[in-house]
2 protein chains.
Amino acid sequence: MSTAQGARARARIEVTAAIKDEARRQLAAEGAAKLSLRAVARELGMVSSALYRYFPSRDDLLTALIIDAYDSLGEAAEAADAGVGDVAPAQRWVAVCEAVRGWALAHPHEYALIYGSPVPGYSAPEATVPAASRVGVLFIGIVRDAHRRNGVARTSVSAELEPEARRMAADLAPDLPPEVVAALVAAWAQLYGLVGFELFGQFNRVVEDREAFFRHAVTRLAEGVGLVVPQ
Amino acid sequence: MSTAQGARARARIEVTAAIKDEARRQLAAEGAAKLSLRAVARELGMVSSALYRYFPSRDDLLTALIIDAYDSLGEAAEAADAGVGDVAPAQRWVAVCEAVRGWALAHPHEYALIYGSPVPGYSAPEATVPAASRVGVLFIGIVRDAHRRNGVARTSVSAELEPEARRMAADLAPDLPPEVVAALVAAWAQLYGLVGFELFGQFNRVVEDREAFFRHAVTRLAEGVGLVVPQ
DNA sequence: GTCTATAACGAGATAGAC
DNA sequence: GTCTATCTCGTTATAGAC
């Protein structure tokens, strides 16, 4: 009986993976707005109603793809951080940024799914939050590490932003100075501006050596959050 | 005959505008990927084949909407710059950035059309380039102005980026120092990271006072391109 | 209990004859 | 321009196989 259950569970995992793989293929071909349960089922030789055993609705399939994408990106970023060795926090920062860019270039459609235009009629549920937070948590960890070791370079925050910076810090990293947390959140958003512009064609005819440009830009982002770049 | 031609021309302009208005409405409701000539025609009480007298294809309608969106954004940015009065370049910079954010919040679907995920199967023609460049040209003008008056604060560029920075400067603003042009292009992309994150929901549960946060972030972007912020 | 298949719904797109 | 016949879609109800 335990083997029978194991086999069932295994089959279920396999079919679920096959559905998501095919859905990802269609994502690349047609975009998230046109993702069709029927087409996925047809391509897999199943009938559309059978898919509902695995995903209760089209939106649940979308949610699963979104969580997978966030996790895949988070894993790539964490692996880059772990693999860079014992270097200065600024270098860890740059390595993680480059991993984000590399993942985005390798998975453009999944990137568009999580950081591009929202899918009309779809609203991401709470369940996506943990996966979506992984890269941000990693950045916070890097800055926290720098802060513990040497402190971070002092930056300032305008009086206007001070209460909001304090609130963000209390929420995200109570052990870090509010102005650093505010700079960190801004750098986080700005990183995705750089990646998105390259990926979505805004750099065409403008930036040619994108790798060098990106490395330079994210190095300055690191300085912006107070990390000291060794030269 | 000249009045008849004038009336015809006027009617053509009106119908064209009505088609684009309805298309924009559908953009908001369904997204660019599902923009359908038929639905537009139905809503206008026309038959789909009649639309082809105004737009030879769905892609041409999309192109017209994209150019309109870029122009609307560019106009808002230019108006903000003109309306801010005779202030320091850094303040002009911030005013333009805030105009970009304001326009994006007021026209989220058009923003998604031009700066969000690419529409599957659609590739923007050359004709969109001038409209798409307006905001960038405005930023270059602001930095150029600062450079002519007082010079801009000196920044550095890594050896790795130097040739690319030189190339970009030759292309975009030969009268500006290459490292300034490189910083400008990066700030330009980063601005849209900030706007996109707010618009597409990435700041939910993270940033609350978005206006203050944005003003602070783009002020630091201005510093990054060498503009001196008066306090 | 777990899955798949058949059939159907209401809504919308599409193609072509007229 | 109009009408119609035929597609697609997400989703559900139902019945039967393992």
# chains A, B, ... in the order shown; residues from 1 in each chain; ligands from 1
$ interface_residues --of "chain A" --to "chain C" --cutoff "10 Å" --atoms "only C-alpha atoms (C1' of nucleotides)" --output "number ranges by chain"
A: 8, 12, 46-51, 53
$ closest_atom_pairs --of "chain B" --to "chain A" --cutoff "6 Å" --atoms "only C-alpha atoms" --output "tab-separated table"
residue	atom	partner	partner_atom	distance
B:Glu30	CA	A:Pro120	CA	5.6
B:Gly31	CA	A:Pro120	CA	5.9
B:Ala112	CA	A:Ser117	CA	5.6
B:Gly116	CA	A:Ser117	CA	4.9
B:Ser117	CA	A:Gly116	CA	4.9
B:Pro120	CA	A:Glu30	CA	5.7
B:Leu161	CA	A:Ala212	CA	5.5
B:Ala189	CA	A:Gly193	CA	5.2
B:Gln190	CA	A:Gln190	CA	4.2
B:Tyr192	CA	A:Gly193	CA	5.5
B:Gly193	CA	A:Gly193	CA	3.4
B:Leu194	CA	A:Ala189	CA	5.3
B:Ala212	CA	A:Leu161	CA	5.5
$ closest_atom_pairs --of "chain A" --to "chain D" --cutoff "8 Å" --atoms "only C-alpha atoms (C1' of nucleotides)" --output "tab-separated table"
residue	atom	partner	partner_atom	distance
A:Ser36	CA	D:DC9	C1'	7.6
A:Leu37	CA	D:DG10	C1'	7.8
A:Arg38	CA	D:DC9	C1'	7.7
A:Arg58	CA	D:DG10	C1'	7.7
$ write_last_selection --atoms "all heavy atoms" --output "PDB file, in the first residue's frame"
ATOM      1  N   SER A  36      -3.675  29.055 -22.188  1.00  0.00           N
ATOM      2  CA  SER A  36      -4.950  28.345 -22.320  1.00  0.00           C
ATOM      3  C   SER A  36      -4.858  26.931 -21.769  1.00  0.00           C
ATOM      4  O   SER A  36      -4.040  26.121 -22.193  1.00  0.00           O
ATOM      5  CB  SER A  36      -5.347  28.309 -23.798  1.00  0.00           C
ATOM      6  OG  SER A  36      -6.074  27.146 -24.090  1.00  0.00           O
ATOM      7  N   LEU A  37      -5.705  26.646 -20.795  1.00  0.00           N
ATOM      8  CA  LEU A  37      -5.749  25.302 -20.217  1.00  0.00           C
ATOM      9  C   LEU A  37      -6.024  24.253 -21.274  1.00  0.00           C
ATOM     10  O   LEU A  37      -5.443  23.169 -21.272  1.00  0.00           O
ATOM     11  CB  LEU A  37      -6.856  25.238 -19.157  1.00  0.00           C
ATOM     12  CG  LEU A  37      -6.523  25.680 -17.745  1.00  0.00           C
ATOM     13  CD1 LEU A  37      -7.650  25.299 -16.818  1.00  0.00           C
ATOM     14  CD2 LEU A  37      -5.240  25.012 -17.283  1.00  0.00           C
ATOM     15  N   ARG A  38      -6.905  24.587 -22.180  1.00  0.00           N
ATOM     16  CA  ARG A  38      -7.276  23.605 -23.216  1.00  0.00           C
ATOM     17  C   ARG A  38      -6.095  23.281 -24.107  1.00  0.00           C
ATOM     18  O   ARG A  38      -5.865  22.123 -24.464  1.00  0.00           O
ATOM     19  CB  ARG A  38      -8.423  24.163 -24.058  1.00  0.00           C
ATOM     20  CG  ARG A  38      -9.771  24.054 -23.382  1.00  0.00           C
ATOM     21  CD  ARG A  38     -10.870  24.444 -24.360  1.00  0.00           C
ATOM     22  NE  ARG A  38     -11.774  23.334 -24.603  1.00  0.00           N
ATOM     23  CZ  ARG A  38     -12.991  23.247 -24.100  1.00  0.00           C
ATOM     24  NH1 ARG A  38     -13.464  24.208 -23.336  1.00  0.00           N
ATOM     25  NH2 ARG A  38     -13.756  22.213 -24.360  1.00  0.00           N
ATOM     26  N   ARG A  58      -7.477  28.082 -14.074  1.00  0.00           N
ATOM     27  CA  ARG A  58      -6.387  28.640 -14.857  1.00  0.00           C
ATOM     28  C   ARG A  58      -5.519  29.551 -13.999  1.00  0.00           C
ATOM     29  O   ARG A  58      -4.287  29.570 -14.110  1.00  0.00           O
ATOM     30  CB  ARG A  58      -6.955  29.414 -16.047  1.00  0.00           C
ATOM     31  CG  ARG A  58      -5.944  29.776 -17.096  1.00  0.00           C
ATOM     32  CD  ARG A  58      -6.463  30.901 -17.987  1.00  0.00           C
ATOM     33  NE  ARG A  58      -6.136  32.183 -17.432  1.00  0.00           N
ATOM     34  CZ  ARG A  58      -5.416  33.109 -18.064  1.00  0.00           C
ATOM     35  NH1 ARG A  58      -4.986  32.883 -19.274  1.00  0.00           N
ATOM     36  NH2 ARG A  58      -5.141  34.232 -17.484  1.00  0.00           N
TER      37      ARG A  58
END
$ select_by_dssp --residues "range 6-204 of chain A" --states "helix (DSSP H, G or I)" --output "ChimeraX atom specification"
/A:6-30,32-34,37-43,48-51,58-83,89-106,108-115,126-150,162-172,178-199
$ atom_distance --atom1 "CA of Asp71 in chain B" --atom2 "CA of Ala131 in chain B"
5.4 Å
$ decode --residues "range 2-16 of chain C" --atoms "all heavy atoms" --output "compact mmCIF listing (two decimals), in the first residue's frame"
# COMPACT_ATOMS: atom_id res chain seq x y z
P DT C 2 -8.12 10.82 -2.54
OP1 DT C 2 -6.86 11.18 -1.85
OP2 DT C 2 -9.26 11.75 -2.60
O5' DT C 2 -7.77 10.39 -4.02
C5' DT C 2 -6.76 9.42 -4.25
C4' DT C 2 -6.53 9.27 -5.75
O4' DT C 2 -7.60 8.52 -6.33
C3' DT C 2 -6.48 10.62 -6.49
O3' DT C 2 -5.33 10.67 -7.30
C2' DT C 2 -7.78 10.63 -7.30
C1' DT C 2 -8.01 9.14 -7.52
N1 DT C 2 -9.44 8.75 -7.75
C2 DT C 2 -9.75 7.90 -8.79
O2 DT C 2 -8.92 7.43 -9.54
N3 DT C 2 -11.08 7.59 -8.91
C4 DT C 2 -12.12 8.05 -8.11
O4 DT C 2 -13.27 7.71 -8.31
C5 DT C 2 -11.71 8.94 -7.05
C7 DT C 2 -12.75 9.51 -6.12
C6 DT C 2 -10.41 9.25 -6.92
P DC C 3 -4.99 12.03 -8.10
OP1 DC C 3 -3.53 12.11 -8.22
OP2 DC C 3 -5.74 13.11 -7.46
O5' DC C 3 -5.60 11.76 -9.54
C5' DC C 3 -4.93 10.86 -10.40
C4' DC C 3 -5.89 10.31 -11.43
O4' DC C 3 -7.19 10.06 -10.84
C3' DC C 3 -6.21 11.23 -12.60
O3' DC C 3 -5.25 11.04 -13.63
C2' DC C 3 -7.62 10.78 -13.05
C1' DC C 3 -8.06 9.84 -11.92
N1 DC C 3 -9.46 10.07 -11.47
C2 DC C 3 -10.52 9.40 -12.13
O2 DC C 3 -10.25 8.65 -13.07
N3 DC C 3 -11.80 9.60 -11.72
C4 DC C 3 -12.04 10.42 -10.70
N4 DC C 3 -13.31 10.58 -10.32
C5 DC C 3 -10.99 11.11 -10.01
C6 DC C 3 -9.73 10.91 -10.43
P DT C 4 -5.23 12.00 -14.83
OP1 DT C 4 -3.92 11.83 -15.49
OP2 DT C 4 -5.67 13.31 -14.35
O5' DT C 4 -6.36 11.43 -15.79
C5' DT C 4 -6.29 10.09 -16.25
C4' DT C 4 -7.52 9.78 -17.06
O4' DT C 4 -8.68 9.81 -16.20
C3' DT C 4 -7.79 10.78 -18.19
O3' DT C 4 -7.82 10.09 -19.44
C2' DT C 4 -9.15 11.39 -17.85
C1' DT C 4 -9.75 10.37 -16.90
N1 DT C 4 -10.68 10.96 -15.89
C2 DT C 4 -12.02 10.59 -15.90
O2 DT C 4 -12.49 9.80 -16.69
N3 DT C 4 -12.78 11.21 -14.93
C4 DT C 4 -12.34 12.13 -13.98
O4 DT C 4 -13.12 12.62 -13.17
C5 DT C 4 -10.94 12.46 -14.05
C7 DT C 4 -10.37 13.45 -13.08
C6 DT C 4 -10.18 11.88 -15.00
P DA C 5 -8.22 10.88 -20.76
OP1 DA C 5 -7.54 10.21 -21.88
OP2 DA C 5 -8.01 12.32 -20.53
O5' DA C 5 -9.78 10.62 -20.89
C5' DA C 5 -10.27 9.28 -20.95
C4' DA C 5 -11.74 9.28 -21.29
O4' DA C 5 -12.50 9.74 -20.13
C3' DA C 5 -12.13 10.20 -22.44
O3' DA C 5 -13.05 9.53 -23.30
C2' DA C 5 -12.77 11.41 -21.78
C1' DA C 5 -13.32 10.83 -20.48
N9 DA C 5 -13.29 11.76 -19.36
C8 DA C 5 -12.21 12.47 -18.90
N7 DA C 5 -12.47 13.24 -17.88
C5 DA C 5 -13.82 13.05 -17.65
C6 DA C 5 -14.71 13.59 -16.70
N6 DA C 5 -14.35 14.47 -15.77
N1 DA C 5 -16.00 13.17 -16.74
C2 DA C 5 -16.37 12.27 -17.68
N3 DA C 5 -15.61 11.70 -18.62
C4 DA C 5 -14.34 12.13 -18.55
P DT C 6 -13.50 10.22 -24.65
OP1 DT C 6 -13.56 9.14 -25.65
OP2 DT C 6 -12.67 11.42 -24.86
O5' DT C 6 -14.98 10.70 -24.33
C5' DT C 6 -15.90 9.78 -23.76
C4' DT C 6 -17.20 10.51 -23.42
O4' DT C 6 -17.02 11.28 -22.21
C3' DT C 6 -17.68 11.50 -24.49
O3' DT C 6 -19.02 11.17 -24.83
C2' DT C 6 -17.58 12.86 -23.82
C1' DT C 6 -17.69 12.51 -22.35
N1 DT C 6 -17.02 13.48 -21.44
C2 DT C 6 -17.75 14.08 -20.44
O2 DT C 6 -18.95 13.86 -20.25
N3 DT C 6 -17.03 14.95 -19.65
C4 DT C 6 -15.69 15.26 -19.77
O4 DT C 6 -15.16 16.06 -19.00
C5 DT C 6 -14.99 14.60 -20.84
C7 DT C 6 -13.54 14.87 -21.06
C6 DT C 6 -15.68 13.75 -21.62
P DA C 7 -19.69 11.89 -26.11
OP1 DA C 7 -20.65 10.92 -26.68
OP2 DA C 7 -18.63 12.48 -26.93
O5' DA C 7 -20.50 13.08 -25.43
C5' DA C 7 -21.28 12.80 -24.25
C4' DA C 7 -21.68 14.10 -23.62
O4' DA C 7 -20.58 14.63 -22.84
C3' DA C 7 -22.09 15.22 -24.59
O3' DA C 7 -23.47 15.52 -24.40
C2' DA C 7 -21.17 16.38 -24.27
C1' DA C 7 -20.67 16.04 -22.87
N9 DA C 7 -19.36 16.58 -22.53
C8 DA C 7 -18.19 16.41 -23.22
N7 DA C 7 -17.16 17.02 -22.68
C5 DA C 7 -17.69 17.62 -21.55
C6 DA C 7 -17.10 18.42 -20.54
N6 DA C 7 -15.81 18.75 -20.53
N1 DA C 7 -17.91 18.85 -19.55
C2 DA C 7 -19.20 18.51 -19.58
N3 DA C 7 -19.86 17.77 -20.48
C4 DA C 7 -19.03 17.35 -21.44
P DA C 8 -24.28 16.40 -25.40
OP1 DA C 8 -25.64 15.89 -25.45
OP2 DA C 8 -23.46 16.58 -26.64
O5' DA C 8 -24.31 17.80 -24.65
C5' DA C 8 -24.76 17.83 -23.30
C4' DA C 8 -24.24 19.05 -22.63
O4' DA C 8 -22.80 18.97 -22.55
C3' DA C 8 -24.51 20.37 -23.36
O3' DA C 8 -25.64 21.01 -22.80
C2' DA C 8 -23.24 21.19 -23.13
C1' DA C 8 -22.36 20.29 -22.29
N9 DA C 8 -20.92 20.36 -22.58
C8 DA C 8 -20.26 19.81 -23.62
N7 DA C 8 -18.96 20.04 -23.60
C5 DA C 8 -18.78 20.81 -22.47
C6 DA C 8 -17.64 21.38 -21.89
N6 DA C 8 -16.42 21.27 -22.41
N1 DA C 8 -17.80 22.09 -20.75
C2 DA C 8 -19.04 22.20 -20.24
N3 DA C 8 -20.19 21.70 -20.69
C4 DA C 8 -19.98 21.01 -21.82
P DC C 9 -26.31 22.19 -23.50
OP1 DC C 9 -27.74 22.14 -23.18
OP2 DC C 9 -25.85 22.17 -24.91
O5' DC C 9 -25.66 23.44 -22.78
C5' DC C 9 -25.96 23.70 -21.40
C4' DC C 9 -25.16 24.89 -20.96
O4' DC C 9 -23.80 24.47 -20.74
C3' DC C 9 -25.06 25.99 -22.00
O3' DC C 9 -26.20 26.85 -22.00
C2' DC C 9 -23.77 26.70 -21.57
C1' DC C 9 -22.92 25.56 -20.96
N1 DC C 9 -21.79 25.09 -21.83
C2 DC C 9 -20.49 25.47 -21.53
O2 DC C 9 -20.30 26.21 -20.55
N3 DC C 9 -19.46 25.05 -22.30
C4 DC C 9 -19.72 24.26 -23.35
N4 DC C 9 -18.67 23.85 -24.08
C5 DC C 9 -21.03 23.86 -23.68
C6 DC C 9 -22.03 24.29 -22.91
P DG C 10 -26.59 27.96 -21.00
OP1 DG C 10 -26.45 27.44 -19.65
OP2 DG C 10 -27.86 28.58 -21.44
O5' DG C 10 -25.44 29.02 -21.28
C5' DG C 10 -24.99 29.79 -20.18
C4' DG C 10 -23.81 30.61 -20.63
O4' DG C 10 -22.83 29.75 -21.25
C3' DG C 10 -24.15 31.69 -21.67
O3' DG C 10 -23.60 32.92 -21.23
C2' DG C 10 -23.52 31.18 -22.96
C1' DG C 10 -22.35 30.37 -22.42
N9 DG C 10 -21.86 29.33 -23.32
C8 DG C 10 -22.62 28.50 -24.13
N7 DG C 10 -21.90 27.66 -24.82
C5 DG C 10 -20.59 27.94 -24.45
C6 DG C 10 -19.36 27.36 -24.89
O6 DG C 10 -19.19 26.45 -25.71
N1 DG C 10 -18.26 27.95 -24.26
C2 DG C 10 -18.33 28.96 -23.33
N2 DG C 10 -17.19 29.38 -22.84
N3 DG C 10 -19.47 29.52 -22.93
C4 DG C 10 -20.55 28.96 -23.53
P DA C 11 -23.98 34.26 -21.93
OP1 DA C 11 -24.63 35.11 -20.93
OP2 DA C 11 -24.65 33.94 -23.22
O5' DA C 11 -22.55 34.85 -22.27
C5' DA C 11 -21.43 34.48 -21.49
C4' DA C 11 -20.18 34.57 -22.32
O4' DA C 11 -19.93 33.31 -22.97
C3' DA C 11 -20.25 35.62 -23.44
O3' DA C 11 -19.23 36.57 -23.27
C2' DA C 11 -20.08 34.82 -24.72
C1' DA C 11 -19.36 33.56 -24.23
N9 DA C 11 -19.61 32.41 -25.08
C8 DA C 11 -20.82 31.91 -25.48
N7 DA C 11 -20.73 30.86 -26.26
C5 DA C 11 -19.37 30.66 -26.39
C6 DA C 11 -18.62 29.70 -27.10
N6 DA C 11 -19.18 28.72 -27.83
N1 DA C 11 -17.28 29.77 -27.03
C2 DA C 11 -16.73 30.74 -26.29
N3 DA C 11 -17.32 31.70 -25.59
C4 DA C 11 -18.67 31.60 -25.67
P DG C 12 -19.20 37.89 -24.13
OP1 DG C 12 -18.65 38.97 -23.29
OP2 DG C 12 -20.53 37.99 -24.76
O5' DG C 12 -18.14 37.56 -25.27
C5' DG C 12 -16.77 37.46 -24.92
C4' DG C 12 -16.04 36.79 -26.06
O4' DG C 12 -16.63 35.52 -26.30
C3' DG C 12 -16.17 37.52 -27.39
O3' DG C 12 -15.07 38.43 -27.52
C2' DG C 12 -16.11 36.39 -28.43
C1' DG C 12 -16.34 35.13 -27.62
N9 DG C 12 -17.44 34.30 -28.10
C8 DG C 12 -18.77 34.48 -27.83
N7 DG C 12 -19.52 33.57 -28.38
C5 DG C 12 -18.63 32.75 -29.05
C6 DG C 12 -18.85 31.60 -29.84
O6 DG C 12 -19.94 31.05 -30.10
N1 DG C 12 -17.67 31.06 -30.34
C2 DG C 12 -16.42 31.59 -30.11
N2 DG C 12 -15.39 30.96 -30.67
N3 DG C 12 -16.20 32.65 -29.38
C4 DG C 12 -17.33 33.19 -28.89
P DA C 13 -14.32 38.82 -28.81
OP1 DA C 13 -13.12 39.58 -28.45
OP2 DA C 13 -15.40 39.42 -29.60
O5' DA C 13 -13.85 37.49 -29.58
C5' DA C 13 -12.49 37.10 -29.48
C4' DA C 13 -12.20 36.02 -30.51
O4' DA C 13 -13.34 35.15 -30.62
C3' DA C 13 -11.91 36.53 -31.93
O3' DA C 13 -10.70 35.94 -32.38
C2' DA C 13 -13.11 36.07 -32.75
C1' DA C 13 -13.60 34.85 -31.97
N9 DA C 13 -15.04 34.61 -32.08
C8 DA C 13 -16.05 35.32 -31.50
N7 DA C 13 -17.26 34.85 -31.75
C5 DA C 13 -17.02 33.74 -32.55
C6 DA C 13 -17.89 32.81 -33.14
N6 DA C 13 -19.22 32.85 -33.03
N1 DA C 13 -17.32 31.83 -33.87
C2 DA C 13 -15.98 31.79 -33.99
N3 DA C 13 -15.08 32.60 -33.48
C4 DA C 13 -15.66 33.57 -32.75
P DT C 14 -10.01 36.49 -33.66
OP1 DT C 14 -8.56 36.25 -33.52
OP2 DT C 14 -10.54 37.84 -33.89
O5' DT C 14 -10.55 35.53 -34.81
C5' DT C 14 -10.64 34.14 -34.57
C4' DT C 14 -11.18 33.46 -35.82
O4' DT C 14 -12.62 33.30 -35.70
C3' DT C 14 -10.95 34.23 -37.12
O3' DT C 14 -10.39 33.32 -38.06
C2' DT C 14 -12.34 34.72 -37.52
C1' DT C 14 -13.21 33.62 -36.93
N1 DT C 14 -14.62 33.99 -36.62
C2 DT C 14 -15.64 33.19 -37.09
O2 DT C 14 -15.45 32.18 -37.76
N3 DT C 14 -16.90 33.60 -36.75
C4 DT C 14 -17.24 34.73 -36.00
O4 DT C 14 -18.41 34.98 -35.75
C5 DT C 14 -16.13 35.51 -35.55
C7 DT C 14 -16.38 36.74 -34.73
C6 DT C 14 -14.88 35.12 -35.87
P DA C 15 -9.74 33.87 -39.39
OP1 DA C 15 -8.37 33.38 -39.45
OP2 DA C 15 -10.03 35.31 -39.53
O5' DA C 15 -10.60 33.09 -40.47
C5' DA C 15 -11.29 31.88 -40.08
C4' DA C 15 -12.15 31.42 -41.24
O4' DA C 15 -13.55 31.66 -40.94
C3' DA C 15 -11.86 32.16 -42.54
O3' DA C 15 -11.87 31.24 -43.62
C2' DA C 15 -12.95 33.21 -42.63
C1' DA C 15 -14.11 32.54 -41.88
N9 DA C 15 -14.93 33.50 -41.13
C8 DA C 15 -14.52 34.65 -40.51
N7 DA C 15 -15.49 35.32 -39.92
C5 DA C 15 -16.62 34.54 -40.16
C6 DA C 15 -17.96 34.71 -39.80
N6 DA C 15 -18.42 35.74 -39.09
N1 DA C 15 -18.84 33.76 -40.20
C2 DA C 15 -18.38 32.72 -40.93
N3 DA C 15 -17.13 32.47 -41.32
C4 DA C 15 -16.29 33.43 -40.90
P DG C 16 -11.72 31.80 -45.11
OP1 DG C 16 -10.88 30.84 -45.84
OP2 DG C 16 -11.34 33.23 -45.04
O5' DG C 16 -13.22 31.71 -45.65
C5' DG C 16 -14.04 30.64 -45.19
C4' DG C 16 -15.44 30.79 -45.73
O4' DG C 16 -16.22 31.66 -44.87
C3' DG C 16 -15.50 31.41 -47.13
O3' DG C 16 -16.52 30.76 -47.88
C2' DG C 16 -15.86 32.88 -46.85
C1' DG C 16 -16.77 32.72 -45.63
N9 DG C 16 -16.84 33.90 -44.79
C8 DG C 16 -15.82 34.76 -44.47
N7 DG C 16 -16.20 35.74 -43.68
C5 DG C 16 -17.55 35.50 -43.47
C6 DG C 16 -18.49 36.24 -42.72
O6 DG C 16 -18.31 37.25 -42.04
N1 DG C 16 -19.76 35.66 -42.77
C2 DG C 16 -20.07 34.52 -43.47
N2 DG C 16 -21.32 34.11 -43.42
N3 DG C 16 -19.18 33.83 -44.20
C4 DG C 16 -17.96 34.38 -44.15
